[in-house]
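Enquirer: Contents of upload_12.pdb (PDB, C-alpha atoms, pLDDT in the B column) are given next:
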ATOM      1  CA  MET A   1     -92.644 -39.775-148.071  1.00 56.00           C
ATOM      2  CA  SER A   2     -95.946 -38.775-149.659  1.00 62.00           C
ATOM      3  CA  TYR A   3     -97.735 -39.895-146.461  1.00 77.00           C
ATOM      4  CA  PHE A   4     -96.340 -36.803-144.691  1.00 76.00           C
ATOM      5  CA  GLY A   5     -96.273 -34.659-147.822  1.00 68.00           C
ATOM      6  CA  ASN A   6     -98.702 -31.970-146.616  1.00 60.00           C
ATOM      7  CA  LYS A   7     -96.808 -31.094-143.441  1.00 68.00           C
ATOM      8  CA  LYS A   8     -94.742 -27.892-143.326  1.00 72.00           C
ATOM      9  CA  GLU A   9     -91.425 -28.976-141.835  1.00 83.00           C
ATOM     10  CA  GLY A  10     -89.246 -25.906-142.464  1.00 91.00           C
ATOM     11  CA  GLU A  11     -86.191 -25.566-144.676  1.00 95.00           C
ATOM     12  CA  LYS A  12     -84.939 -28.727-146.386  1.00 95.00           C
ATOM     13  CA  ILE A  13     -81.242 -29.173-145.511  1.00 97.00           C
ATOM     14  CA  PHE A  14     -80.491 -32.768-146.602  1.00 97.00           C
ATOM     15  CA  ARG A  15     -81.894 -35.400-148.923  1.00 97.00           C
ATOM     16  CA  GLY A  16     -80.604 -38.873-149.617  1.00 97.00           C
ATOM     17  CA  ALA A  17     -81.264 -42.545-150.228  1.00 97.00           C
ATOM     18  CA  TYR A  18     -80.062 -46.000-149.135  1.00 97.00           C
ATOM     19  CA  THR A  19     -79.865 -49.459-150.632  1.00 97.00           C
ATOM     20  CA  TYR A  20     -80.478 -52.459-148.360  1.00 97.00           C
ATOM     21  CA  MET A  21     -78.546 -55.559-149.462  1.00 95.00           C
ATOM     22  CA  ARG A  22     -78.224 -59.157-148.306  1.00 92.00           C
ATOM     23  CA  ASN A  23     -75.026 -60.413-149.914  1.00 89.00           C
ATOM     24  CA  THR A  24     -75.571 -59.203-153.502  1.00 87.00           C
ATOM     25  CA  ASN A  25     -79.391 -59.074-153.431  1.00 92.00           C
ATOM     26  CA  ILE A  26     -81.163 -55.746-152.959  1.00 94.00           C
ATOM     27  CA  TYR A  27     -84.202 -56.301-150.725  1.00 94.00           C
ATOM     28  CA  SER A  28     -85.216 -52.766-149.777  1.00 96.00           C
ATOM     29  CA  GLU A  29     -84.611 -49.082-150.502  1.00 97.00           C
ATOM     30  CA  GLU A  30     -84.996 -45.931-148.433  1.00 98.00           C
ATOM     31  CA  SER A  31     -85.357 -42.302-149.452  1.00 97.00           C
ATOM     32  CA  PHE A  32     -85.298 -39.451-146.954  1.00 97.00           C
ATOM     33  CA  GLU A  33     -85.289 -35.701-146.404  1.00 97.00           C
ATOM     34  CA  VAL A  34     -84.184 -33.624-143.404  1.00 97.00           C
ATOM     35  CA  PHE A  35     -85.752 -30.267-142.520  1.00 97.00           C
ATOM     36  CA  ARG A  36     -84.798 -27.488-140.088  1.00 96.00           C
ATOM     37  CA  ASP A  37     -87.286 -25.158-138.432  1.00 95.00           C
ATOM     38  CA  LYS A  38     -85.304 -22.212-137.056  1.00 94.00           C
ATOM     39  CA  LYS A  39     -88.308 -20.727-135.276  1.00 94.00           C
ATOM     40  CA  GLU A  40     -89.195 -23.908-133.391  1.00 92.00           C
ATOM     41  CA  MET A  41     -85.515 -24.958-133.145  1.00 94.00           C
ATOM     42  CA  THR A  42     -86.340 -28.452-134.386  1.00 96.00           C
ATOM     43  CA  TYR A  43     -85.115 -30.884-137.034  1.00 97.00           C
ATOM     44  CA  THR A  44     -87.402 -33.325-138.832  1.00 97.00           C
ATOM     45  CA  PHE A  45     -86.318 -36.534-140.591  1.00 97.00           C
ATOM     46  CA  VAL A  46     -88.900 -37.824-143.078  1.00 97.00           C
ATOM     47  CA  SER A  47     -88.203 -41.207-144.685  1.00 97.00           C
ATOM     48  CA  GLU A  48     -89.846 -43.922-146.733  1.00 97.00           C
ATOM     49  CA  VAL A  49     -88.613 -47.527-146.784  1.00 97.00           C
ATOM     50  CA  VAL A  50     -89.993 -49.681-149.618  1.00 96.00           C
ATOM     51  CA  SER A  51     -89.663 -53.482-149.754  1.00 95.00           C
ATOM     52  CA  ARG A  52     -91.280 -56.160-151.913  1.00 88.00           C
ATOM     53  CA  VAL A  53     -92.558 -59.074-149.832  1.00 88.00           C
ATOM     54  CA  ALA A  54     -92.886 -62.723-150.863  1.00 83.00           C
ATOM     55  CA  THR A  55     -96.439 -62.217-152.166  1.00 85.00           C
ATOM     56  CA  GLY A  56     -95.183 -59.557-154.577  1.00 86.00           C
ATOM     57  CA  GLU A  57     -96.902 -56.742-152.689  1.00 91.00           C
ATOM     58  CA  LEU A  58     -95.030 -53.604-151.670  1.00 93.00           C
ATOM     59  CA  LEU A  59     -94.417 -52.870-148.000  1.00 96.00           C
ATOM     60  CA  ASN A  60     -94.115 -49.127-147.338  1.00 97.00           C
ATOM     61  CA  ILE A  61     -92.858 -47.772-144.016  1.00 97.00           C
ATOM     62  CA  ASN A  62     -93.090 -43.988-143.674  1.00 97.00           C
ATOM     63  CA  THR A  63     -91.393 -42.359-140.678  1.00 98.00           C
ATOM     64  CA  ARG A  64     -91.442 -38.800-139.379  1.00 97.00           C
ATOM     65  CA  TYR A  65     -88.877 -38.177-136.627  1.00 98.00           C
ATOM     66  CA  VAL A  66     -88.772 -34.750-134.925  1.00 97.00           C
ATOM     67  CA  ILE A  67     -85.932 -33.790-132.574  1.00 97.00           C
ATOM     68  CA  ASN A  68     -85.042 -30.572-130.768  1.00 96.00           C
ATOM     69  CA  LYS A  69     -81.660 -28.826-130.803  1.00 95.00           C
ATOM     70  CA  ASP A  70     -80.426 -31.235-128.083  1.00 94.00           C
ATOM     71  CA  TYR A  71     -81.322 -34.246-130.284  1.00 96.00           C
ATOM     72  CA  THR A  72     -84.127 -35.297-127.939  1.00 95.00           C
ATOM     73  CA  PRO A  73     -87.023 -37.002-129.789  1.00 97.00           C
ATOM     74  CA  LEU A  74     -90.190 -34.875-129.570  1.00 97.00           C
ATOM     75  CA  GLU A  75     -92.534 -36.634-132.001  1.00 97.00           C
ATOM     76  CA  VAL A  76     -92.126 -39.918-133.858  1.00 98.00           C
ATOM     77  CA  THR A  77     -94.760 -41.246-136.264  1.00 98.00           C
ATOM     78  CA  ILE A  78     -94.455 -44.567-138.115  1.00 98.00           C
ATOM     79  CA  HIS A  79     -96.986 -45.551-140.786  1.00 98.00           C
ATOM     80  CA  ARG A  80     -96.886 -49.049-142.319  1.00 97.00           C
ATOM     81  CA  SER A  81     -98.911 -50.125-145.334  1.00 97.00           C
ATOM     82  CA  LEU A  82     -99.108 -53.463-147.144  1.00 95.00           C
ATOM     83  CA  GLY A  83    -101.876 -54.066-149.656  1.00 90.00           C
ATOM     84  CA  ASN A  84    -105.089 -52.862-148.029  1.00 91.00           C
ATOM     85  CA  GLN A  85    -103.610 -52.926-144.529  1.00 93.00           C
ATOM     86  CA  SER A  86    -102.262 -49.825-142.828  1.00 96.00           C
ATOM     87  CA  VAL A  87    -101.274 -49.172-139.211  1.00 98.00           C
ATOM     88  CA  LYS A  88     -99.806 -46.201-137.369  1.00 97.00           C
ATOM     89  CA  GLU A  89     -97.601 -45.787-134.313  1.00 98.00           C
ATOM     90  CA  GLU A  90     -97.063 -42.454-132.617  1.00 98.00           C
ATOM     91  CA  TYR A  91     -94.818 -41.247-129.801  1.00 98.00           C
ATOM     92  CA  ILE A  92     -95.269 -37.768-128.282  1.00 98.00           C
ATOM     93  CA  PHE A  93     -92.746 -36.681-125.640  1.00 97.00           C
ATOM     94  CA  ASP A  94     -94.061 -34.577-122.747  1.00 95.00           C
ATOM     95  CA  ILE A  95     -90.884 -32.758-121.689  1.00 91.00           C
ATOM     96  CA  ARG A  96     -92.389 -31.234-118.550  1.00 92.00           C
ATOM     97  CA  ARG A  97     -93.548 -34.586-117.146  1.00 92.00           C
ATOM     98  CA  THR A  98     -90.751 -36.687-118.728  1.00 93.00           C
ATOM     99  CA  ARG A  99     -93.353 -39.045-120.151  1.00 96.00           C
ATOM    100  CA  ILE A 100     -93.956 -40.447-123.625  1.00 97.00           C
ATOM    101  CA  ASN A 101     -97.548 -40.714-124.810  1.00 98.00           C
ATOM    102  CA  TYR A 102     -97.700 -43.737-127.131  1.00 98.00           C
ATOM    103  CA  SER A 103    -100.533 -44.809-129.405  1.00 98.00           C
ATOM    104  CA  PHE A 104    -101.025 -47.620-131.922  1.00 98.00           C
ATOM    105  CA  THR A 105    -103.805 -47.562-134.506  1.00 98.00           C
ATOM    106  CA  ASP A 106    -104.466 -50.948-136.126  1.00 97.00           C
ATOM    107  CA  ALA A 107    -105.907 -51.704-139.572  1.00 95.00           C
ATOM    108  CA  GLU A 108    -109.449 -51.673-138.151  1.00 95.00           C
ATOM    109  CA  GLY A 109    -108.979 -48.194-136.703  1.00 96.00           C
ATOM    110  CA  GLN A 110    -108.796 -49.411-133.104  1.00 97.00           C
ATOM    111  CA  VAL A 111    -106.457 -47.263-131.000  1.00 97.00           C
ATOM    112  CA  SER A 112    -104.368 -48.621-128.115  1.00 98.00           C
ATOM    113  CA  LYS A 113    -102.634 -46.114-125.838  1.00 97.00           C
ATOM    114  CA  CYS A 114    -100.148 -46.131-122.990  1.00 97.00           C
ATOM    115  CA  GLU A 115     -97.832 -43.764-121.154  1.00 97.00           C
ATOM    116  CA  LEU A 116     -94.117 -44.546-120.884  1.00 96.00           C
ATOM    117  CA  ALA A 117     -91.849 -43.218-118.145  1.00 93.00           C
ATOM    118  CA  THR A 118     -88.378 -42.276-119.367  1.00 91.00           C
ATOM    119  CA  ASN A 119     -85.284 -40.377-118.361  1.00 86.00           C
ATOM    120  CA  PRO A 120     -84.476 -37.180-120.296  1.00 85.00           C
ATOM    121  CA  LYS A 121     -81.902 -39.009-122.467  1.00 90.00           C
ATOM    122  CA  PHE A 122     -83.571 -41.647-124.613  1.00 93.00           C
ATOM    123  CA  TYR A 123     -83.976 -42.795-128.213  1.00 95.00           C
ATOM    124  CA  ILE A 124     -86.911 -44.310-130.099  1.00 97.00           C
ATOM    125  CA  THR A 125     -86.084 -46.988-132.671  1.00 96.00           C
ATOM    126  CA  THR A 126     -87.685 -47.030-136.123  1.00 97.00           C
ATOM    127  CA  SER A 127     -87.059 -48.739-139.456  1.00 95.00           C
ATOM    128  CA  ALA A 128     -85.423 -45.605-140.889  1.00 97.00           C
ATOM    129  CA  THR A 129     -81.639 -45.719-141.318  1.00 97.00           C
ATOM    130  CA  CYS A 130     -81.241 -41.956-141.790  1.00 98.00           C
ATOM    131  CA  SER A 131     -82.257 -41.217-138.185  1.00 97.00           C
ATOM    132  CA  SER A 132     -80.882 -44.412-136.617  1.00 97.00           C
ATOM    133  CA  MET A 133     -77.831 -42.802-134.954  1.00 97.00           C
ATOM    134  CA  LEU A 134     -79.318 -39.572-133.594  1.00 96.00           C
ATOM    135  CA  TYR A 135     -78.689 -40.671-130.005  1.00 95.00           C
ATOM    136  CA  LEU A 136     -74.954 -40.101-130.608  1.00 94.00           C
ATOM    137  CA  ARG A 137     -75.489 -36.392-129.977  1.00 93.00           C
ATOM    138  CA  ASN A 138     -78.075 -36.772-127.257  1.00 90.00           C
ATOM    139  CA  LYS A 139     -75.417 -36.856-124.539  1.00 89.00           C
ATOM    140  CA  LYS A 140     -71.660 -36.525-124.102  1.00 91.00           C
ATOM    141  CA  PHE A 141     -69.784 -39.301-125.908  1.00 92.00           C
ATOM    142  CA  ASP A 142     -66.711 -41.056-124.476  1.00 93.00           C
ATOM    143  CA  ASN A 143     -64.405 -41.539-127.471  1.00 90.00           C
ATOM    144  CA  THR A 144     -62.121 -43.973-125.642  1.00 88.00           C
ATOM    145  CA  GLY A 145     -64.566 -46.233-123.795  1.00 91.00           C
ATOM    146  CA  LYS A 146     -67.996 -47.785-123.835  1.00 93.00           C
ATOM    147  CA  ASN A 147     -71.111 -45.678-124.162  1.00 95.00           C
ATOM    148  CA  TYR A 148     -74.435 -47.003-122.893  1.00 94.00           C
ATOM    149  CA  TYR A 149     -77.795 -45.988-124.312  1.00 93.00           C
ATOM    150  CA  SER A 150     -81.404 -46.816-123.478  1.00 91.00           C
ATOM    151  CA  ILE A 151     -83.495 -47.294-126.589  1.00 94.00           C
ATOM    152  CA  ILE A 152     -87.256 -47.715-126.793  1.00 96.00           C
ATOM    153  CA  VAL A 153     -88.337 -50.653-128.959  1.00 96.00           C
ATOM    154  CA  SER A 154     -91.841 -51.592-130.122  1.00 97.00           C
ATOM    155  CA  ASN A 155     -92.987 -55.034-131.267  1.00 95.00           C
ATOM    156  CA  ASN A 156     -96.294 -53.612-132.491  1.00 97.00           C
ATOM    157  CA  HIS A 157     -95.951 -54.042-136.238  1.00 94.00           C
ATOM    158  CA  TRP A 158     -99.435 -55.006-137.505  1.00 95.00           C
ATOM    159  CA  ALA A 159    -101.243 -55.537-134.202  1.00 96.00           C
ATOM    160  CA  TYR A 160    -100.882 -54.177-130.669  1.00 97.00           C
ATOM    161  CA  GLU A 161     -98.807 -56.711-128.748  1.00 96.00           C
ATOM    162  CA  GLY A 162     -98.091 -54.575-125.695  1.00 96.00           C
ATOM    163  CA  GLU A 163     -96.228 -51.539-124.435  1.00 97.00           C
ATOM    164  CA  PRO A 164     -92.871 -50.643-126.038  1.00 97.00           C
ATOM    165  CA  THR A 165     -89.905 -51.811-123.975  1.00 95.00           C
ATOM    166  CA  ILE A 166     -86.475 -50.427-123.174  1.00 92.00           C
ATOM    167  CA  ASN A 167     -83.355 -52.176-124.469  1.00 92.00           C
ATOM    168  CA  ASN A 168     -79.771 -51.275-123.608  1.00 92.00           C
ATOM    169  CA  ILE A 169     -77.024 -51.033-126.193  1.00 93.00           C
ATOM    170  CA  VAL A 170     -73.286 -50.395-126.067  1.00 95.00           C
ATOM    171  CA  LEU A 171     -71.518 -48.185-128.582  1.00 95.00           C
ATOM    172  CA  GLN A 172     -67.762 -47.791-129.037  1.00 94.00           C
ATOM    173  CA  ARG A 173     -65.793 -45.687-131.416  1.00 94.00           C
ATOM    174  CA  VAL A 174     -63.483 -47.942-133.417  1.00 93.00           C
ATOM    175  CA  THR A 175     -60.976 -45.301-134.542  1.00 86.00           C
ATOM    176  CA  GLN A 176     -60.134 -41.977-132.931  1.00 84.00           C
ATOM    177  CA  THR A 177     -59.961 -40.213-136.276  1.00 88.00           C
ATOM    178  CA  SER A 178     -62.252 -40.320-139.266  1.00 92.00           C
ATOM    179  CA  GLU A 179     -61.419 -42.726-142.068  1.00 93.00           C
ATOM    180  CA  ASN A 180     -61.948 -42.851-145.808  1.00 94.00           C
ATOM    181  CA  ILE A 181     -64.346 -45.521-147.056  1.00 93.00           C
ATOM    182  CA  LYS A 182     -65.539 -46.427-150.533  1.00 92.00           C
ATOM    183  CA  VAL A 183     -69.302 -46.817-150.905  1.00 92.00           C
ATOM    184  CA  GLY A 184     -70.381 -47.544-154.461  1.00 85.00           C
ATOM    185  CA  ASP A 185     -68.388 -45.159-156.627  1.00 85.00           C
ATOM    186  CA  SER A 186     -67.917 -42.583-153.871  1.00 88.00           C
ATOM    187  CA  ASN A 187     -64.982 -42.048-151.524  1.00 92.00           C
ATOM    188  CA  LEU A 188     -66.399 -40.790-148.231  1.00 94.00           C
ATOM    189  CA  GLU A 189     -64.994 -39.606-144.918  1.00 95.00           C
ATOM    190  CA  ALA A 190     -66.697 -41.297-141.975  1.00 95.00           C
ATOM    191  CA  THR A 191     -66.349 -42.244-138.315  1.00 95.00           C
ATOM    192  CA  GLN A 192     -66.626 -45.956-137.514  1.00 95.00           C
ATOM    193  CA  TYR A 193     -68.546 -47.297-134.509  1.00 96.00           C
ATOM    194  CA  LYS A 194     -69.214 -50.761-133.106  1.00 95.00           C
ATOM    195  CA  LEU A 195     -72.662 -51.465-131.666  1.00 95.00           C
ATOM    196  CA  THR A 196     -73.632 -54.432-129.499  1.00 93.00           C
ATOM    197  CA  GLU A 197     -76.488 -55.255-127.162  1.00 88.00           C
ATOM    198  CA  GLN A 198     -75.594 -54.893-123.510  1.00 78.00           C
ATOM    199  CA  SER A 199     -75.201 -58.300-121.874  1.00 67.00           C
ATOM    200  CA  GLU A 200     -74.957 -59.213-118.216  1.00 55.00           C
ATOM    201  CA  ASP A 201     -71.278 -60.079-118.403  1.00 53.00           C
ATOM    202  CA  ASP A 202     -70.522 -57.270-120.937  1.00 51.00           C
ATOM    203  CA  VAL A 203     -66.882 -58.318-121.272  1.00 47.00           C
ATOM    204  CA  GLU A 204     -64.279 -56.036-122.780  1.00 48.00           C
ATOM    205  CA  ILE A 205     -63.719 -56.591-126.493  1.00 46.00           C
ATOM    206  CA  ASP A 206     -60.987 -54.984-128.529  1.00 49.00           C
ATOM    207  CA  PRO A 207     -62.884 -52.528-130.782  1.00 46.00           C
ATOM    208  CA  HIS A 208     -60.010 -52.632-133.279  1.00 48.00           C
ATOM    209  CA  GLY A 209     -60.320 -56.375-133.732  1.00 48.00           C
ATOM    210  CA  PRO A 210     -62.681 -58.258-136.030  1.00 43.00           C
ATOM    211  CA  PRO A 211     -66.403 -58.434-135.175  1.00 40.00           C
ATOM    212  CA  VAL A 212     -66.906 -61.285-132.730  1.00 42.00           C
ATOM    213  CA  ALA A 213     -70.424 -60.955-131.362  1.00 44.00           C
ATOM    214  CA  GLU A 214     -73.285 -62.361-133.381  1.00 51.00           C
ATOM    215  CA  ASN A 215     -75.255 -59.130-132.977  1.00 63.00           C
ATOM    216  CA  ASP A 216     -72.261 -56.881-133.660  1.00 85.00           C
ATOM    217  CA  LEU A 217     -72.937 -54.000-136.044  1.00 94.00           C
ATOM    218  CA  ARG A 218     -70.323 -51.770-137.671  1.00 95.00           C
ATOM    219  CA  ILE A 219     -71.576 -48.291-138.520  1.00 97.00           C
ATOM    220  CA  TRP A 220     -69.806 -45.591-140.511  1.00 97.00           C
ATOM    221  CA  CYS A 221     -71.365 -42.195-139.748  1.00 96.00           C
ATOM    222  CA  SER A 222     -71.081 -39.014-141.763  1.00 96.00           C
ATOM    223  CA  GLN A 223     -70.334 -35.638-140.190  1.00 93.00           C
ATOM    224  CA  HIS A 224     -73.846 -34.551-141.207  1.00 95.00           C
ATOM    225  CA  MET A 225     -76.136 -34.926-138.159  1.00 95.00           C
ATOM    226  CA  THR A 226     -74.899 -38.519-137.585  1.00 95.00           C
ATOM    227  CA  ILE A 227     -76.542 -39.686-140.844  1.00 97.00           C
ATOM    228  CA  PRO A 228     -74.927 -43.084-141.571  1.00 97.00           C
ATOM    229  CA  TYR A 229     -73.046 -43.809-144.775  1.00 97.00           C
ATOM    230  CA  LEU A 230     -72.772 -47.561-144.209  1.00 97.00           C
ATOM    231  CA  ILE A 231     -74.049 -50.216-141.772  1.00 97.00           C
ATOM    232  CA  LYS A 232     -72.843 -53.855-141.864  1.00 95.00           C
ATOM    233  CA  ASP A 233     -73.494 -56.940-139.779  1.00 92.00           C
ATOM    234  CA  ASN A 234     -71.662 -60.280-139.661  1.00 89.00           C
ATOM    235  CA  SER A 235     -74.095 -62.176-141.888  1.00 88.00           C
ATOM    236  CA  GLY A 236     -73.587 -60.312-145.163  1.00 89.00           C
ATOM    237  CA  THR A 237     -76.376 -57.768-144.690  1.00 93.00           C
ATOM    238  CA  LYS A 238     -75.500 -54.131-145.275  1.00 95.00           C
ATOM    239  CA  ILE A 239     -77.159 -50.777-145.788  1.00 97.00           C
ATOM    240  CA  GLU A 240     -75.229 -48.306-147.904  1.00 96.00           C
ATOM    241  CA  VAL A 241     -75.920 -44.753-148.934  1.00 97.00           C
ATOM    242  CA  LYS A 242     -76.773 -44.159-152.610  1.00 96.00           C
ATOM    243  CA  TYR A 243     -76.462 -40.396-152.301  1.00 96.00           C
ATOM    244  CA  LEU A 244     -76.538 -37.673-149.632  1.00 96.00           C
ATOM    245  CA  ASN A 245     -77.055 -34.095-150.799  1.00 95.00           C
ATOM    246  CA  ASN A 246     -76.301 -31.205-148.458  1.00 94.00           C
ATOM    247  CA  LEU A 247     -78.815 -28.434-149.235  1.00 93.00           C
ATOM    248  CA  ASP A 248     -78.055 -26.260-146.193  1.00 88.00           C
ATOM    249  CA  LYS A 249     -77.745 -22.640-147.363  1.00 80.00           C
ATOM    250  CA  ASP A 250     -76.082 -21.716-144.051  1.00 78.00           C
ATOM    251  CA  GLN A 251     -73.007 -23.842-144.784  1.00 66.00           C
TER     252      GLN A 251
END
Can the structure from this file be put into C-alpha cells for me?

Expert:
Amino acid sequence: MSYFGNKKEGEKIFRGAYTYMRNTNIYSEESFEVFRDKKEMTYTFVSEVVSRVATGELLNINTRYVINKDYTPLEVTIHRSLGNQSVKEEYIFDIRRTRINYSFTDAEGQVSKCELATNPKFYITTSATCSSMLYLRNKKFDNTGKNYYSIIVSNNHWAYEGEPTINNIVLQRVTQTSENIKVGDSNLEATQYKLTEQSEDDVEIDPHGPPVAENDLRIWCSQHMTIPYLIKDNSGTKIEVKYLNNLDKDQ
C-alpha cells in the first residue's frame, strides 16, 4: 500500500487482511484499507497483494479503487512490480459521456490508451479481494433469482495485449438469511453467494445444492460494504480473511 501512501483519501473506516491458500499452502497475502471522503462522497479501497513467484522474487500488486455513493467505479489504478519490472493500468470513468478512459504503461514507460463504452452499471475487475464484490450494491439485487452483471476484464498484465473486454457473470444468493461461518478462530456472520460465468444455455441450478460448475465460486460477504470474509472454489483454493477492523467513528 506504500505505492499510494502519499494520497489523501479521507477518513479510514476499515482495515483488514487476507490469506490466499491452495489446499494447505499459503501462496499469497493481501492487506487493505478503506477510506471515506464525506466532502467528495466517495469511498477508496487501497490494497496490496504480495506473492512469491517461482524465482523467489516478490510480486506486488497495489490497487486503488475509488467508488461514489452509488458504488459506481470512478477511478481504478493497478500497479504491478516484480524485480525491476513495473507496469501500471488506469481506468477513469467519465460520467457525463458514459465512457471509461483506459491507459496501460509498460515497463519501458510506453503508454497505450483506449476509450471504452459502457452502461452506467458496470464493474472493473482487479486482483484485490477486498473490493471484489462492490458490484453487489451497484444495482437492485434479486434475492430469489439470478442476477446478471457486466464486468470489465483486462489481460494486460506485463504488456499491452489489447483493449479490456466485457464478461458476463451470474450471481445468486444461496440463503435468504445470513449464516454463521468459522474462519480461522473467528465466528462470523455472513451472506453466501454463488458466482458462475454466464453461458449460452445458462440452465437453472439449485443454489442450495453442491457446487457443480467447474468455475463455480462460493463467496461469503460481510455486512461491511460487501467486503468478503471467505471465497472458495471447487479445486481447493480459498481466500479467507485474517482480520477486519471497523474504524468508522460514525457507527

Enquirer: Counting all atoms listed in the file, which residues of stretch 102-128 of chain A sit at most 10 Å from some atom of stretch 163-178 of chain A, and what is each one's closest atom pair with its distance in Å to one decimal, listed by chain and rising residue number, as a Markdown table?

Expert:
| residue | atom | partner | partner_atom | distance |
| --- | --- | --- | --- | --- |
| A:Tyr102 | CA | A:Glu163 | CA | 8.4 |
| A:Ser103 | CA | A:Glu163 | CA | 9.4 |
| A:Phe104 | CA | A:Glu163 | CA | 9.7 |
| A:Ser112 | CA | A:Glu163 | CA | 9.4 |
| A:Lys113 | CA | A:Glu163 | CA | 8.5 |
| A:Cys114 | CA | A:Glu163 | CA | 6.8 |
| A:Glu115 | CA | A:Glu163 | CA | 8.6 |
| A:Leu116 | CA | A:Pro164 | CA | 8.1 |
| A:Thr118 | CA | A:Ile166 | CA | 9.2 |
| A:Phe122 | CA | A:Ile166 | CA | 9.4 |
| A:Tyr123 | CA | A:Ile166 | CA | 9.5 |
| A:Ile124 | CA | A:Ile166 | CA | 9.3 |

Enquirer: Pull C-alpha atoms from the residues just selected and write them as an mmCIF file, in the coordinates of the input.

Expert:
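Once everything was written out, this is again.cif:
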data_model
loop_
_atom_site.group_PDB
_atom_site.id
_atom_site.type_symbol
_atom_site.label_atom_id
_atom_site.label_comp_id
_atom_site.auth_asym_id
_atom_site.auth_seq_id
_atom_site.Cartn_x
_atom_site.Cartn_y
_atom_site.Cartn_z
ATOM 1 C CA TYR A 102 -97.700 -43.737 -127.131
ATOM 2 C CA SER A 103 -100.533 -44.809 -129.405
ATOM 3 C CA PHE A 104 -101.025 -47.620 -131.922
ATOM 4 C CA SER A 112 -104.368 -48.621 -128.115
ATOM 5 C CA LYS A 113 -102.634 -46.114 -125.838
ATOM 6 C CA CYS A 114 -100.148 -46.131 -122.990
ATOM 7 C CA GLU A 115 -97.832 -43.764 -121.154
ATOM 8 C CA LEU A 116 -94.117 -44.546 -120.884
ATOM 9 C CA THR A 118 -88.378 -42.276 -119.367
ATOM 10 C CA PHE A 122 -83.571 -41.647 -124.613
ATOM 11 C CA TYR A 123 -83.976 -42.795 -128.213
ATOM 12 C CA ILE A 124 -86.911 -44.310 -130.099
#

Enquirer: From the set A:Leu59, A:Met133, A:Ile13, A:Ile227, which residue has the shortest atom-to-atom contact distance to A:Tyr43, counting only C-alpha atoms?

Expert: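 Closest residue, counting only C-alpha atoms: A:Ile13.
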
Enquirer: Please write as a count of residues only the full residue list that the PyMOL selection byres ((chain A and resi 17) around 12) yields on this file.

Expert: 33

Enquirer: Enter the distance from atom CA of A:Arg218 to atom CA of A:Glu179, in Å, rounded to one decimal.

Expert: 13.4 Å

Enquirer: Might you spell out which residues the PyMOL selection byres ((chain A and resi 223-225) around 9) would select in the displayed file, as a VMD selection string?

Expert: chain A and resid 14 131 133 to 134 137 189 to 191 221 to 222 226 to 228 246

Enquirer: For the residues in the current selection, export C-alpha atoms as an mmCIF file, in the coordinates of the input.

Expert:
data_model
loop_
_atom_site.group_PDB
_atom_site.id
_atom_site.type_symbol
_atom_site.label_atom_id
_atom_site.label_comp_id
_atom_site.auth_asym_id
_atom_site.auth_seq_id
_atom_site.Cartn_x
_atom_site.Cartn_y
_atom_site.Cartn_z
ATOM 1 C CA PHE A 14 -80.491 -32.768 -146.602
ATOM 2 C CA SER A 131 -82.257 -41.217 -138.185
ATOM 3 C CA MET A 133 -77.831 -42.802 -134.954
ATOM 4 C CA LEU A 134 -79.318 -39.572 -133.594
ATOM 5 C CA ARG A 137 -75.489 -36.392 -129.977
ATOM 6 C CA GLU A 189 -64.994 -39.606 -144.918
ATOM 7 C CA ALA A 190 -66.697 -41.297 -141.975
ATOM 8 C CA THR A 191 -66.349 -42.244 -138.315
ATOM 9 C CA CYS A 221 -71.365 -42.195 -139.748
ATOM 10 C CA SER A 222 -71.081 -39.014 -141.763
ATOM 11 C CA THR A 226 -74.899 -38.519 -137.585
ATOM 12 C CA ILE A 227 -76.542 -39.686 -140.844
ATOM 13 C CA PRO A 228 -74.927 -43.084 -141.571
ATOM 14 C CA ASN A 246 -76.301 -31.205 -148.458
#

Enquirer: Which distance in Å separates atom CA of A:Asp37 and atom CA of A:Gly10, to one decimal?

Expert: 4.5 Å

Enquirer: Return the single residue from A:Leu188, A:Glu108, A:Pro73, A:Val183 that is closest to A:Ile151, with distances computed using all atoms listed in the file.

Expert: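 Going through A:Leu188, A:Glu108, A:Pro73, A:Val183 one by one, the smallest distance to A:Ile151 is for A:Pro73.
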
Enquirer: Step by step, work through what the PyMOL selection byres ((chain A and resi 57) around 12) selects in the shown file, and finish by giving those residues as a compact mmCIF listing (two decimals) with C-alpha atoms, in the frame of the given file.

Expert:
# COMPACT_ATOMS: atom_id res chain seq x y z
CA VAL A 50 -89.99 -49.68 -149.62
CA SER A 51 -89.66 -53.48 -149.75
CA ARG A 52 -91.28 -56.16 -151.91
CA VAL A 53 -92.56 -59.07 -149.83
CA ALA A 54 -92.89 -62.72 -150.86
CA THR A 55 -96.44 -62.22 -152.17
CA GLY A 56 -95.18 -59.56 -154.58
CA LEU A 58 -95.03 -53.60 -151.67
CA LEU A 59 -94.42 -52.87 -148.00
CA ASN A 60 -94.12 -49.13 -147.34
CA SER A 81 -98.91 -50.12 -145.33
CA LEU A 82 -99.11 -53.46 -147.14
CA GLY A 83 -101.88 -54.07 -149.66
CA ASN A 84 -105.09 -52.86 -148.03
CA GLN A 85 -103.61 -52.93 -144.53

Enquirer: What is the atom CA of A:Phe45 to atom CA of A:Val66 distance in Å?

Expert: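 Going from atom CA of A:Phe45 over to atom CA of A:Val66 covers 6.4 Å.
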
Enquirer: Between A:Val153, A:Ala107, A:Ile219, A:Leu247, which one has atoms that come closest to A:Val87, using only C-alpha atoms?

Expert: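 Distance minimum relative to A:Val87 lands on A:Ala107.
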
Enquirer: Can you tell me, as a list in words, what residues are no more than 9 Å from A:Ile95 when counting only C-alpha atoms, ignoring any on the same chain fewer than 3 positions away?

Expert: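 Answer for this query is Leu74, Thr98, Arg99, Ile100 and Pro120 of chain A.
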
Enquirer: Please determine, counting all atoms listed in the file, which residue among A:Asn143, A:Thr126, A:Thr24, A:Gln192 has the shortest atom-to-atom distance to A:Thr63.

Expert: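 Nearest candidate to A:Thr63 out of A:Asn143, A:Thr126, A:Thr24, A:Gln192: A:Thr126.
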
Enquirer: Pick out the closest residue to A:Glu90 from this set: A:Tyr71, A:Tyr65, A:Tyr148, A:Tyr27. Count only C-alpha atoms.

Expert: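 Among the listed residues, A:Tyr65 lies closest to A:Glu90.
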
Enquirer: Would you give the centre and edge lengths, in Å to one decimal, of a box along x, y and z around the listed atoms of stretch 84-99 of chain A, with 4 Å added to each side, as JSON?

Expert:
{"center_x": -97.9, "center_y": -42.1, "center_z": -132.6, "size_x": 22.3, "size_y": 29.7, "size_z": 38.9}
